[in-house]
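Asks: Pasting entry.txt below, which is compact mmCIF, C-alpha atoms.
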# COMPACT_ATOMS: atom_id res chain seq x y z
CA MET Z 1441 -23.62 7.61 4.95
CA GLU Z 1442 -26.39 5.21 3.86
CA LEU Z 1443 -26.50 1.75 5.40
CA GLY Z 1444 -26.10 -0.02 2.06
CA THR Z 1445 -23.01 2.04 1.24
CA LEU Z 1446 -21.58 1.38 4.68
CA ILE Z 1447 -22.04 -2.38 4.38
CA LEU Z 1448 -20.47 -2.39 0.91
CA ILE Z 1449 -17.45 -0.49 2.25
CA PHE Z 1450 -17.04 -2.97 5.13
CA VAL Z 1451 -17.17 -5.93 2.73
CA LEU Z 1452 -14.71 -4.38 0.26
CA VAL Z 1453 -12.29 -3.38 3.02
CA PHE Z 1454 -12.30 -6.94 4.38
CA ILE Z 1455 -11.72 -8.40 0.90
CA THR Z 1456 -8.92 -5.90 0.26
CA GLY Z 1457 -7.16 -6.86 3.47
CA PHE Z 1458 -7.62 -10.56 2.66
CA LEU Z 1459 -6.27 -10.28 -0.89
CA PHE Z 1460 -3.49 -7.76 -0.36
CA ALA Z 1461 -1.95 -9.16 2.81
CA PRO Z 1462 -0.30 -12.19 1.10
CA LEU Z 1463 1.03 -9.82 -1.59
CA GLY Z 1464 3.09 -7.68 0.78
CA LEU Z 1465 0.81 -4.69 0.15
CA GLY Z 1466 -1.11 -2.51 2.56
CA GLY Z 1467 -4.22 -2.16 0.39
CA GLY Z 1468 -4.10 1.62 -0.10
CA LEU Z 1469 -4.31 1.07 -3.86
CA LEU Z 1470 -7.89 -0.08 -3.25
CA PHE Z 1471 -8.78 1.75 -0.02
CA VAL Z 1472 -8.51 5.12 -1.76
CA PRO Z 1473 -10.80 4.14 -4.69
CA ILE Z 1474 -13.28 2.52 -2.28
CA PHE Z 1475 -13.80 5.74 -0.32
CA HIS Z 1476 -13.35 8.05 -3.31
CA TYR Z 1477 -15.76 6.33 -5.71
CA ILE Z 1478 -18.21 4.57 -3.40
CA ALA Z 1479 -18.40 6.98 -0.43
CA GLY Z 1480 -17.73 10.05 -2.61
CA TRP Z 1481 -14.88 11.41 -0.50
CA PRO Z 1482 -12.65 14.04 -2.13
CA ILE Z 1483 -8.93 13.42 -2.41
CA GLU Z 1484 -7.98 15.42 0.66
CA SER Z 1485 -6.36 14.79 4.04
CA PRO Z 1486 -9.31 12.85 5.60
CA LEU Z 1487 -9.15 10.33 2.74
CA MET Z 1488 -5.38 10.00 3.03
CA ILE Z 1489 -5.60 9.50 6.81
CA THR Z 1490 -8.34 6.87 6.44
CA SER Z 1491 -6.41 4.99 3.76
CA LEU Z 1492 -3.16 5.14 5.74
CA LEU Z 1493 -4.95 3.98 8.90
CA LEU Z 1494 -6.33 0.95 7.08
CA THR Z 1495 -3.00 0.35 5.36
CA ALA Z 1496 -1.29 0.41 8.75
CA VAL Z 1497 -3.57 -2.20 10.29
CA VAL Z 1498 -3.28 -4.44 7.22
CA SER Z 1499 0.51 -4.19 7.24
CA PHE Z 1500 0.60 -4.99 10.97
CA GLY Z 1501 -1.90 -7.83 10.66
CA SER Z 1502 -0.02 -9.44 7.79
CA GLY Z 1503 3.47 -8.28 8.72
CA THR Z 1504 3.46 -9.90 12.15
CA THR Z 1505 2.45 -13.20 10.55
CA HIS Z 1506 5.28 -13.01 8.01
CA ILE Z 1507 7.82 -11.97 10.64
CA LYS Z 1508 6.86 -14.81 12.99
CA ALA Z 1509 7.24 -17.23 10.07
CA GLY Z 1510 10.72 -15.83 9.31
CA HIS Z 1511 9.69 -14.42 5.93
CA TRP Z 1512 11.59 -11.12 6.16
CA ASP Z 1513 15.10 -9.65 6.25
CA LYS Z 1514 15.71 -7.27 9.15
CA SER Z 1515 19.04 -5.87 7.93
CA VAL Z 1516 17.63 -5.06 4.48
CA ARG Z 1517 14.56 -3.46 6.10
CA ASN Z 1518 16.76 -1.23 8.26
CA THR Z 1519 18.82 -0.17 5.24
CA ALA Z 1520 15.68 0.72 3.27
CA LEU Z 1521 14.24 2.79 6.14
CA PHE Z 1522 17.03 5.36 5.74
CA GLY Z 1523 15.37 6.29 2.44
CA ALA Z 1524 11.73 5.45 3.12
CA ILE Z 1525 11.21 7.61 6.23
CA PRO Z 1526 12.57 10.88 4.78
CA GLY Z 1527 10.66 10.14 1.58
CA ALA Z 1528 7.40 9.79 3.50
CA LEU Z 1529 7.88 13.09 5.34
CA ALA Z 1530 8.67 14.86 2.08
CA GLY Z 1531 5.57 13.28 0.51
CA VAL Z 1532 3.29 14.68 3.21
CA GLY Z 1533 4.76 18.12 2.63
CA LEU Z 1534 4.14 17.85 -1.12
CA PHE Z 1535 0.53 16.76 -0.58
CA LEU Z 1536 -0.19 19.71 1.71
CA VAL Z 1537 1.44 22.19 -0.67
CA MET Z 1538 -0.57 21.01 -3.69
CA GLY Z 1539 -3.89 21.44 -1.87
CA SER Z 1540 -6.95 21.56 -4.16
CA ASN Z 1541 -4.89 20.57 -7.21
CA MET Z 1542 -4.11 17.20 -5.68
CA GLY Z 1543 -6.93 15.26 -7.38
CA VAL Z 1544 -5.52 15.29 -10.92
CA ILE Z 1545 -1.93 15.10 -9.68
CA PHE Z 1546 -2.84 12.15 -7.44
CA LYS Z 1547 -4.32 10.14 -10.30
CA SER Z 1548 -1.53 11.10 -12.71
CA ILE Z 1549 1.15 9.91 -10.28
CA SER Z 1550 -0.89 6.77 -9.61
CA VAL Z 1551 -1.08 5.92 -13.32
CA VAL Z 1552 2.71 6.24 -13.69
CA MET Z 1553 3.48 4.36 -10.47
CA ILE Z 1554 1.05 1.53 -11.17
CA GLY Z 1555 2.22 1.30 -14.78
CA TRP Z 1556 5.78 0.84 -13.55
CA ALA Z 1557 4.67 -1.82 -11.09
CA ILE Z 1558 2.76 -3.63 -13.87
CA LEU Z 1559 5.91 -3.68 -16.01
CA LYS Z 1560 8.09 -5.03 -13.20
CA THR Z 1561 5.50 -7.64 -12.27
CA TRP Z 1562 5.16 -8.77 -15.89
CA GLN Z 1563 8.93 -9.13 -16.12
CA LYS Z 1564 8.87 -11.26 -12.99
CA LEU Z 1565 6.12 -13.51 -14.36
CA SER Z 1566 7.90 -13.84 -17.71
CA ASP Z 1567 11.52 -14.21 -16.59
CA GLU Z 1568 11.09 -16.20 -13.38
CA PRO Z 1569 8.22 -18.63 -13.90
CA ASN Z 1570 9.84 -21.27 -11.73
CA ASN Z 1571 11.19 -19.04 -9.01
CA ASN Z 1572 11.56 -20.81 -5.67
CA PRO Z 1573 10.76 -18.33 -2.87
CA THR Z 1574 12.53 -20.41 -0.25
CA ASN Z 1575 15.91 -20.27 -1.97
CA ASP Z 1576 17.74 -17.27 -0.54
CA GLY Z 1577 20.79 -17.42 -2.82
CA GLU Z 1578 23.61 -14.96 -2.38
CA LYS Z 1579 22.44 -11.68 -0.86
CA VAL Z 1580 24.09 -8.67 -2.47
CA VAL Z 1581 22.64 -5.39 -1.20
CA GLU Z 1582 23.13 -2.31 -3.39
CA THR Z 1583 22.69 0.24 -0.60
CA ILE Z 1584 22.36 3.50 -2.54
CA PRO Z 1585 19.85 2.28 -5.19
CA LEU Z 1586 17.88 0.50 -2.45
CA ARG Z 1587 17.60 3.66 -0.35
CA ILE Z 1588 16.73 5.83 -3.34
CA GLY Z 1589 14.02 3.40 -4.37
CA ALA Z 1590 12.73 3.16 -0.80
CA SER Z 1591 12.59 6.97 -0.58
CA ILE Z 1592 10.38 7.01 -3.69
CA GLY Z 1593 8.19 4.37 -2.08
CA GLY Z 1594 7.96 6.38 1.14
CA GLY Z 1595 7.08 9.53 -0.78
CA LEU Z 1596 4.37 7.78 -2.77
CA SER Z 1597 3.05 6.21 0.43
CA ALA Z 1598 2.42 9.65 1.90
CA VAL Z 1599 1.18 11.29 -1.31
CA LEU Z 1600 -1.13 8.47 -2.39
CA GLY Z 1601 -2.19 7.08 0.99
CA ILE Z 1602 -0.77 3.64 0.21
CA GLY Z 1603 1.72 1.20 1.71
CA ALA Z 1604 3.86 1.35 -1.46
CA GLY Z 1605 4.50 -2.37 -1.52
CA ALA Z 1606 4.18 -2.12 -5.31
CA ILE Z 1607 7.42 -0.12 -5.16
CA TYR Z 1608 9.19 -1.82 -2.26
CA ILE Z 1609 8.84 -5.40 -3.49
CA PRO Z 1610 10.48 -4.93 -6.93
CA ILE Z 1611 13.20 -2.80 -5.33
CA LEU Z 1612 13.93 -5.41 -2.67
CA ARG Z 1613 14.06 -8.09 -5.35
CA GLN Z 1614 16.33 -6.10 -7.65
CA TYR Z 1615 18.70 -4.26 -5.31
CA ALA Z 1616 18.86 -6.62 -2.30
CA ASN Z 1617 18.34 -9.99 -4.01
CA VAL Z 1618 15.58 -10.84 -1.53
CA PRO Z 1619 13.53 -13.96 -2.49
CA ALA Z 1620 9.87 -13.41 -3.37
CA ARG Z 1621 8.28 -14.47 -0.08
CA LYS Z 1622 10.90 -12.65 2.02
CA ALA Z 1623 10.46 -9.55 -0.15
CA ILE Z 1624 6.78 -9.59 0.77
CA GLY Z 1625 7.52 -9.85 4.49
CA THR Z 1626 10.28 -7.24 4.32
CA SER Z 1627 7.98 -4.88 2.40
CA LEU Z 1628 5.37 -5.24 5.15
CA SER Z 1629 7.97 -4.63 7.86
CA ILE Z 1630 8.94 -1.36 6.12
CA MET Z 1631 5.30 -0.32 6.00
CA MET Z 1632 4.82 -1.12 9.68
CA ILE Z 1633 7.16 1.80 10.43
CA VAL Z 1634 6.74 4.20 7.49
CA VAL Z 1635 2.93 4.21 7.22
CA PRO Z 1636 2.32 5.24 10.87
CA ILE Z 1637 4.86 8.06 10.42
CA ALA Z 1638 3.02 9.30 7.31
CA LEU Z 1639 -0.30 8.92 9.14
CA LEU Z 1640 0.87 11.04 12.08
CA ALA Z 1641 2.30 13.69 9.77
CA HIS Z 1642 -0.99 13.96 7.85
CA SER Z 1643 -3.01 14.00 11.08
CA SER Z 1644 -1.00 16.92 12.45
CA ALA Z 1645 -2.15 19.02 9.49
CA LEU Z 1646 -5.89 18.37 9.87
CA THR Z 1647 -8.06 21.50 9.92
CA GLY Z 1648 -11.36 22.15 11.65
CA GLU Z 1649 -13.08 21.67 8.29
CA HIS Z 1650 -11.51 18.22 7.97
CA PHE Z 1651 -12.70 17.24 11.45
CA ASP Z 1652 -16.21 18.44 10.63
CA PHE Z 1653 -16.17 16.32 7.47
CA LEU Z 1654 -15.09 13.20 9.35
CA ILE Z 1655 -17.76 13.74 12.00
CA SER Z 1656 -20.45 14.24 9.33
CA GLU Z 1657 -19.38 10.95 7.74
CA GLY Z 1658 -19.63 9.10 11.05
CA GLY Z 1659 -15.89 8.92 11.57
CA TYR Z 1660 -16.24 8.18 15.29
CA TYR Z 1661 -17.66 4.74 14.43
CA LEU Z 1662 -16.66 4.37 10.77
CA LEU Z 1663 -12.88 4.45 11.24
CA PRO Z 1664 -12.72 1.94 14.13
CA SER Z 1665 -15.17 -0.35 12.33
CA VAL Z 1666 -13.35 -0.42 8.98
CA ALA Z 1667 -10.05 -0.88 10.84
CA ILE Z 1668 -11.44 -4.05 12.45
CA PHE Z 1669 -12.61 -5.37 9.07
CA ALA Z 1670 -9.25 -4.56 7.50
CA ILE Z 1671 -7.10 -6.25 10.13
CA SER Z 1672 -9.42 -9.27 10.22
CA GLY Z 1673 -9.13 -9.71 6.47
CA ALA Z 1674 -5.36 -9.18 6.57
CA SER Z 1675 -4.77 -11.68 9.36
CA ILE Z 1676 -6.84 -14.37 7.67
CA GLY Z 1677 -5.40 -13.59 4.23
CA ALA Z 1678 -1.82 -13.71 5.44
CA LYS Z 1679 -2.27 -17.11 7.08
CA VAL Z 1680 -4.13 -18.58 4.10
CA GLY Z 1681 -1.71 -17.07 1.60
CA LEU Z 1682 1.41 -18.27 3.38
CA LYS Z 1683 0.08 -21.83 3.66
CA TYR Z 1684 -1.84 -22.40 0.45
CA LEU Z 1685 -0.93 -19.86 -2.24
CA PRO Z 1686 2.19 -20.52 -4.39
CA SER Z 1687 4.33 -17.48 -5.08
CA LYS Z 1688 3.34 -17.30 -8.75
CA VAL Z 1689 -0.37 -17.36 -7.90
CA VAL Z 1690 0.15 -14.47 -5.48
CA VAL Z 1691 2.04 -12.43 -8.09
CA THR Z 1692 -0.58 -13.17 -10.77
CA ILE Z 1693 -3.39 -11.88 -8.53
CA PHE Z 1694 -1.30 -8.79 -7.83
CA PHE Z 1695 -0.79 -8.27 -11.57
CA ALA Z 1696 -4.52 -8.46 -12.32
CA ILE Z 1697 -5.44 -6.02 -9.54
CA LEU Z 1698 -2.85 -3.51 -10.75
CA TRP Z 1699 -4.39 -3.54 -14.23
CA LEU Z 1700 -7.91 -2.92 -12.90
CA ILE Z 1701 -6.80 0.06 -10.81
CA TRP Z 1702 -4.68 1.49 -13.63
CA ILE Z 1703 -7.61 1.39 -16.08
CA ARG Z 1704 -9.91 3.09 -13.57
CA TYR Z 1705 -7.53 6.03 -13.10
CA VAL Z 1706 -6.86 6.35 -16.83
CA VAL Z 1707 -10.60 6.60 -17.46
CA ASP Z 1708 -10.83 9.40 -14.87
CA LEU Z 1709 -7.89 11.30 -16.33
CA SER Z 1710 -9.33 11.07 -19.84
CA LYS Z 1711 -12.15 13.37 -18.67
CA TYR Z 1712 -9.63 16.19 -18.29
CA ILE Z 1713 -8.35 15.90 -21.88
Here is a file; write its structure as structure tokens.
Replies:
Amino acid sequence: MELGTLILIFVLVFITGFLFAPLGLGGGLLFVPIFHYIAGWPIESPLMITSLLLTAVVSFGSGTTHIKAGHWDKSVRNTALFGAIPGALAGVGLFLVMGSNMGVIFKSISVVMIGWAILKTWQKLSDEPNNNPTNDGEKVVETIPLRIGASIGGGLSAVLGIGAGAIYIPILRQYANVPARKAIGTSLSIMMIVVPIALLAHSSALTGEHFDFLISEGGYYLLPSVAIFAISGASIGAKVGLKYLPSKVVVTIFFAILWLIWIRYVVDLSKYI
């Protein structure tokens, strides 16, 4: 990998961790495009493992900050895990079965998933402009819908190499009545468990060809280096976001990023029409 490309990847990974950490996201929505479009990696297991590794360190870097600040709900997290973990394992199986056809399927699923997240985020911005994230209100947990939604998030996490916060956060808001800031922390706490499970499951299926690819791309120094940049960005972003960014500002940034990613994948899919 050329030095200029490597530096650009380090910078973008740091920025992704910084921006996504306050949003309750792991950054996989950007980590995959960074390595796919800039480094030229195919949508195969090495890319998923790299994205999940970075997503894991971002979720830990930001999640620990949110948990220490009390911005999470442990009981809701535990309820959601009963759906998220099986969903993640099923997602890894689906990815491995699809093999070489995964590129188009990956982007098609991404367009649908991101489109849904855009809709839910727009509804939040329109219907709750004055939402107070510190007001817990009455917590009513709809267990079955929450677990079903979390299983979809876990599946997408494994299939797309993401944290799936774009799924978890709206589900936590809708089916567990978790306030905005706590939904972010709870989403991260889910990812802190589910993403490593998906990462291990993908890693167990690596072939000799995949290892050769990672070595040729400098994986022995690239992966540890980008992980450091990701967790540094996440830790700083989480602290800055929690102290200085109002909830609506955080959601608005999230909304804009979702649109950019959605457009990029739609442009790619249009080439197959």
Asks: Check the smallest atom-to-atom distance from each of Z:Ala1670, Z:Leu1448, Z:Ala1696, Z:Ala1604 to Leu1465 (chain Z) using all atoms listed in the file, then report the winner.
Replies: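 Of Z:Ala1670, Z:Leu1448, Z:Ala1696, Z:Ala1604, the one nearest Leu1465 (chain Z), counting all atoms listed in the file, is Z:Ala1604.
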Asks: If I take CA of Ser1515 (chain Z) and CA of Gly1605 (chain Z), how far is one from the other in Å, to one decimal?
Replies: 17.7 Å
Asks: For Tyr1608 (chain Z), which residue among Z:Leu1662, Z:Pro1486, Z:Leu1521, Z:Ile1474 is the nearest when counting only C-alpha atoms?
Replies: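 Using only C-alpha atoms, the shortest distance to Tyr1608 (chain Z) belongs to Z:Leu1521.
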Asks: Do a neighbour search on region 1493-1504 of chain Z at 8 Å with all atoms listed in the file, toss out local chain neighbours closer than 5 positions, and write the hits as a PyMOL selection string.
Replies: chain Z and resi 1457+1461-1462+1464-1468+1471+1602-1603+1625+1628-1629+1631-1632+1635-1636+1639+1666-1667+1670-1675+1677-1678
Asks: Using C-alpha atoms, can you write the selected residues to a file as a JSON list (two decimals), keeping the file's coordinate frame?
Replies:
[["chain", "number", "residue", "atom", "x", "y", "z"],
["Z", 1457, "GLY", "CA", -7.16, -6.86, 3.47],
["Z", 1461, "ALA", "CA", -1.95, -9.16, 2.81],
["Z", 1462, "PRO", "CA", -0.30, -12.19, 1.10],
["Z", 1464, "GLY", "CA", 3.09, -7.68, 0.78],
["Z", 1465, "LEU", "CA", 0.81, -4.69, 0.15],
["Z", 1466, "GLY", "CA", -1.11, -2.51, 2.56],
["Z", 1467, "GLY", "CA", -4.22, -2.16, 0.39],
["Z", 1468, "GLY", "CA", -4.10, 1.62, -0.10],
["Z", 1471, "PHE", "CA", -8.78, 1.75, -0.02],
["Z", 1602, "ILE", "CA", -0.77, 3.64, 0.21],
["Z", 1603, "GLY", "CA", 1.72, 1.20, 1.71],
["Z", 1625, "GLY", "CA", 7.52, -9.85, 4.49],
["Z", 1628, "LEU", "CA", 5.37, -5.24, 5.15],
["Z", 1629, "SER", "CA", 7.97, -4.63, 7.86],
["Z", 1631, "MET", "CA", 5.30, -0.32, 6.00],
["Z", 1632, "MET", "CA", 4.82, -1.12, 9.68],
["Z", 1635, "VAL", "CA", 2.93, 4.21, 7.22],
["Z", 1636, "PRO", "CA", 2.32, 5.24, 10.87],
["Z", 1639, "LEU", "CA", -0.30, 8.92, 9.14],
["Z", 1666, "VAL", "CA", -13.35, -0.42, 8.98],
["Z", 1667, "ALA", "CA", -10.05, -0.88, 10.84],
["Z", 1670, "ALA", "CA", -9.25, -4.56, 7.50],
["Z", 1671, "ILE", "CA", -7.10, -6.25, 10.13],
["Z", 1672, "SER", "CA", -9.42, -9.27, 10.22],
["Z", 1673, "GLY", "CA", -9.13, -9.71, 6.47],
["Z", 1674, "ALA", "CA", -5.36, -9.18, 6.57],
["Z", 1675, "SER", "CA", -4.77, -11.68, 9.36],
["Z", 1677, "GLY", "CA", -5.40, -13.59, 4.23],
["Z", 1678, "ALA", "CA", -1.82, -13.71, 5.44]]
Asks: Which distance in Å separates CA of Ile1630 (chain Z) and CA of Ala1520 (chain Z), to one decimal?
Replies: 7.6 Å
Asks: Quick one: distance from CA of Val1581 (chain Z) to CA of Asn1617 (chain Z) in Å, one decimal?
Replies: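 Result for CA of Val1581 (chain Z) versus CA of Asn1617 (chain Z): 6.9 Å, one decimal.
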Asks: Which one of Z:Trp1512, Z:Phe1535, Z:Tyr1684, Z:Tyr1477 sits closest to Ala1641 (chain Z) if you count all atoms listed in the file?
Replies: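 Closest residue, counting all atoms listed in the file: Z:Phe1535.
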Asks: Please list as a PyMOL selection string every residue within 7 Å of region 1549-1563 of chain Z, counting only C-alpha atoms and excluding residues in the same chain fewer than 2 positions away.
Replies: chain Z and resi 1545-1547+1565-1567+1606-1607+1610+1695+1698+1702+1705-1706
Asks: Counting all atoms listed in the file, find the residues whose atoms lie at most 10 Å from (17.9, -5.3, -2.7) (file coordinates) and write them out as a short mmCIF file (atom, residue, chain, number, x, y, z; two decimals) with C-alpha atoms, in the frame of the given file.
Replies:
data_model
loop_
_atom_site.label_atom_id
_atom_site.label_comp_id
_atom_site.auth_asym_id
_atom_site.auth_seq_id
_atom_site.Cartn_x
_atom_site.Cartn_y
_atom_site.Cartn_z
CA VAL Z 1516 17.63 -5.06 4.48
CA ARG Z 1517 14.56 -3.46 6.10
CA THR Z 1519 18.82 -0.17 5.24
CA ALA Z 1520 15.68 0.72 3.27
CA LYS Z 1579 22.44 -11.68 -0.86
CA VAL Z 1580 24.09 -8.67 -2.47
CA VAL Z 1581 22.64 -5.39 -1.20
CA GLU Z 1582 23.13 -2.31 -3.39
CA THR Z 1583 22.69 0.24 -0.60
CA ILE Z 1584 22.36 3.50 -2.54
CA PRO Z 1585 19.85 2.28 -5.19
CA LEU Z 1586 17.88 0.50 -2.45
CA ARG Z 1587 17.60 3.66 -0.35
CA GLY Z 1589 14.02 3.40 -4.37
CA TYR Z 1608 9.19 -1.82 -2.26
CA ILE Z 1609 8.84 -5.40 -3.49
CA PRO Z 1610 10.48 -4.93 -6.93
CA ILE Z 1611 13.20 -2.80 -5.33
CA LEU Z 1612 13.93 -5.41 -2.67
CA ARG Z 1613 14.06 -8.09 -5.35
CA GLN Z 1614 16.33 -6.10 -7.65
CA TYR Z 1615 18.70 -4.26 -5.31
CA ALA Z 1616 18.86 -6.62 -2.30
CA ASN Z 1617 18.34 -9.99 -4.01
CA VAL Z 1618 15.58 -10.84 -1.53
CA PRO Z 1619 13.53 -13.96 -2.49
CA ALA Z 1623 10.46 -9.55 -0.15
#
Asks: Using only C-alpha atoms, which residue out of Z:Asp1708, Z:Ser1485, Z:Lys1508, Z:Ile1478 lies closest to Gly1444 (chain Z)?
Replies: Z:Ile1478
Asks: Could you list, as a PyMOL selection string, every residue within 10 Å of Ala1479 (chain Z), counting all atoms listed in the file and ignoring same-chain residues fewer than 4 positions away?
Replies: chain Z and resi 1441-1442+1445-1446+1448-1449+1473-1475+1657
Asks: Considering all atoms listed in the file, state which residue in the set Z:Gly1480, Z:Gly1601, Z:Gly1510, Z:Gly1533 is at the smallest distance from Val1634 (chain Z).
Replies: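 Selected residue with least distance to Val1634 (chain Z): Z:Gly1601.
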Asks: Which one is closest to Leu1700 (chain Z): Z:Ile1447, Z:Leu1469, Z:Leu1646, Z:Met1488? Count all atoms listed in the file.
Replies: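 Of all the options, Z:Leu1469 lies closest to Leu1700 (chain Z).
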Asks: Skipping near chain neighbours, those fewer than 6 positions away, what residues fall within 6 Å of region 1523-1528 of chain Z using all atoms listed in the file, listed as a PyMOL selection string?
Replies: chain Z and resi 1587-1588+1590-1591+1594-1595+1598+1634+1638
Asks: Taking all atoms of region 1547-1562 of chain Z that the file lists and extending 5 Å past them on each side, where is the centre of the axis-aligned box and how long are its edges? Answer in Å to one decimal, as AutoDock Vina command-line options.
Replies:
--center_x 1.9 --center_y 1.2 --center_z -12.8 --size_x 22.4 --size_y 29.9 --size_z 16.4
Asks: Write out N, CA and C atoms for region 1685-1704 of chain Z, as a JSON list (two decimals), in the frame of the given file.
Replies:
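Output file selection-v8.json is given in full below:
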[["chain", "number", "residue", "atom", "x", "y", "z"],
["Z", 1685, "LEU", "N", -1.10, -20.53, -0.96],
["Z", 1685, "LEU", "CA", -0.93, -19.86, -2.24],
["Z", 1685, "LEU", "C", 0.52, -19.89, -2.70],
["Z", 1686, "PRO", "N", 0.83, -20.55, -3.83],
["Z", 1686, "PRO", "CA", 2.19, -20.52, -4.39],
["Z", 1686, "PRO", "C", 2.57, -19.09, -4.76],
["Z", 1687, "SER", "N", 3.85, -18.82, -4.80],
["Z", 1687, "SER", "CA", 4.33, -17.48, -5.08],
["Z", 1687, "SER", "C", 3.81, -16.94, -6.41],
["Z", 1688, "LYS", "N", 3.78, -17.78, -7.45],
["Z", 1688, "LYS", "CA", 3.34, -17.30, -8.75],
["Z", 1688, "LYS", "C", 1.86, -16.94, -8.76],
["Z", 1689, "VAL", "N", 1.05, -17.68, -8.00],
["Z", 1689, "VAL", "CA", -0.37, -17.36, -7.90],
["Z", 1689, "VAL", "C", -0.55, -16.00, -7.25],
["Z", 1690, "VAL", "N", 0.22, -15.76, -6.19],
["Z", 1690, "VAL", "CA", 0.15, -14.47, -5.48],
["Z", 1690, "VAL", "C", 0.51, -13.32, -6.42],
["Z", 1691, "VAL", "N", 1.59, -13.48, -7.18],
["Z", 1691, "VAL", "CA", 2.04, -12.43, -8.09],
["Z", 1691, "VAL", "C", 1.03, -12.21, -9.22],
["Z", 1692, "THR", "N", 0.41, -13.28, -9.70],
["Z", 1692, "THR", "CA", -0.58, -13.17, -10.77],
["Z", 1692, "THR", "C", -1.81, -12.38, -10.30],
["Z", 1693, "ILE", "N", -2.26, -12.64, -9.09],
["Z", 1693, "ILE", "CA", -3.39, -11.88, -8.53],
["Z", 1693, "ILE", "C", -3.01, -10.39, -8.43],
["Z", 1694, "PHE", "N", -1.81, -10.15, -7.93],
["Z", 1694, "PHE", "CA", -1.30, -8.79, -7.83],
["Z", 1694, "PHE", "C", -1.32, -8.10, -9.19],
["Z", 1695, "PHE", "N", -0.86, -8.80, -10.21],
["Z", 1695, "PHE", "CA", -0.79, -8.27, -11.57],
["Z", 1695, "PHE", "C", -2.18, -7.87, -12.08],
["Z", 1696, "ALA", "N", -3.17, -8.73, -11.86],
["Z", 1696, "ALA", "CA", -4.52, -8.46, -12.32],
["Z", 1696, "ALA", "C", -5.13, -7.24, -11.62],
["Z", 1697, "ILE", "N", -4.91, -7.14, -10.31],
["Z", 1697, "ILE", "CA", -5.44, -6.02, -9.54],
["Z", 1697, "ILE", "C", -4.82, -4.70, -10.00],
["Z", 1698, "LEU", "N", -3.52, -4.72, -10.27],
["Z", 1698, "LEU", "CA", -2.85, -3.51, -10.75],
["Z", 1698, "LEU", "C", -3.48, -3.02, -12.04],
["Z", 1699, "TRP", "N", -3.78, -3.93, -12.96],
["Z", 1699, "TRP", "CA", -4.39, -3.54, -14.23],
["Z", 1699, "TRP", "C", -5.76, -2.90, -14.02],
["Z", 1700, "LEU", "N", -6.58, -3.46, -13.15],
["Z", 1700, "LEU", "CA", -7.91, -2.92, -12.90],
["Z", 1700, "LEU", "C", -7.84, -1.49, -12.35],
["Z", 1701, "ILE", "N", -6.94, -1.28, -11.41],
["Z", 1701, "ILE", "CA", -6.80, 0.06, -10.81],
["Z", 1701, "ILE", "C", -6.26, 1.05, -11.84],
["Z", 1702, "TRP", "N", -5.28, 0.62, -12.62],
["Z", 1702, "TRP", "CA", -4.68, 1.49, -13.63],
["Z", 1702, "TRP", "C", -5.73, 1.95, -14.64],
["Z", 1703, "ILE", "N", -6.56, 1.04, -15.11],
["Z", 1703, "ILE", "CA", -7.61, 1.39, -16.08],
["Z", 1703, "ILE", "C", -8.59, 2.38, -15.49],
["Z", 1704, "ARG", "N", -8.96, 2.20, -14.22],
["Z", 1704, "ARG", "CA", -9.91, 3.09, -13.57],
["Z", 1704, "ARG", "C", -9.38, 4.53, -13.52]]
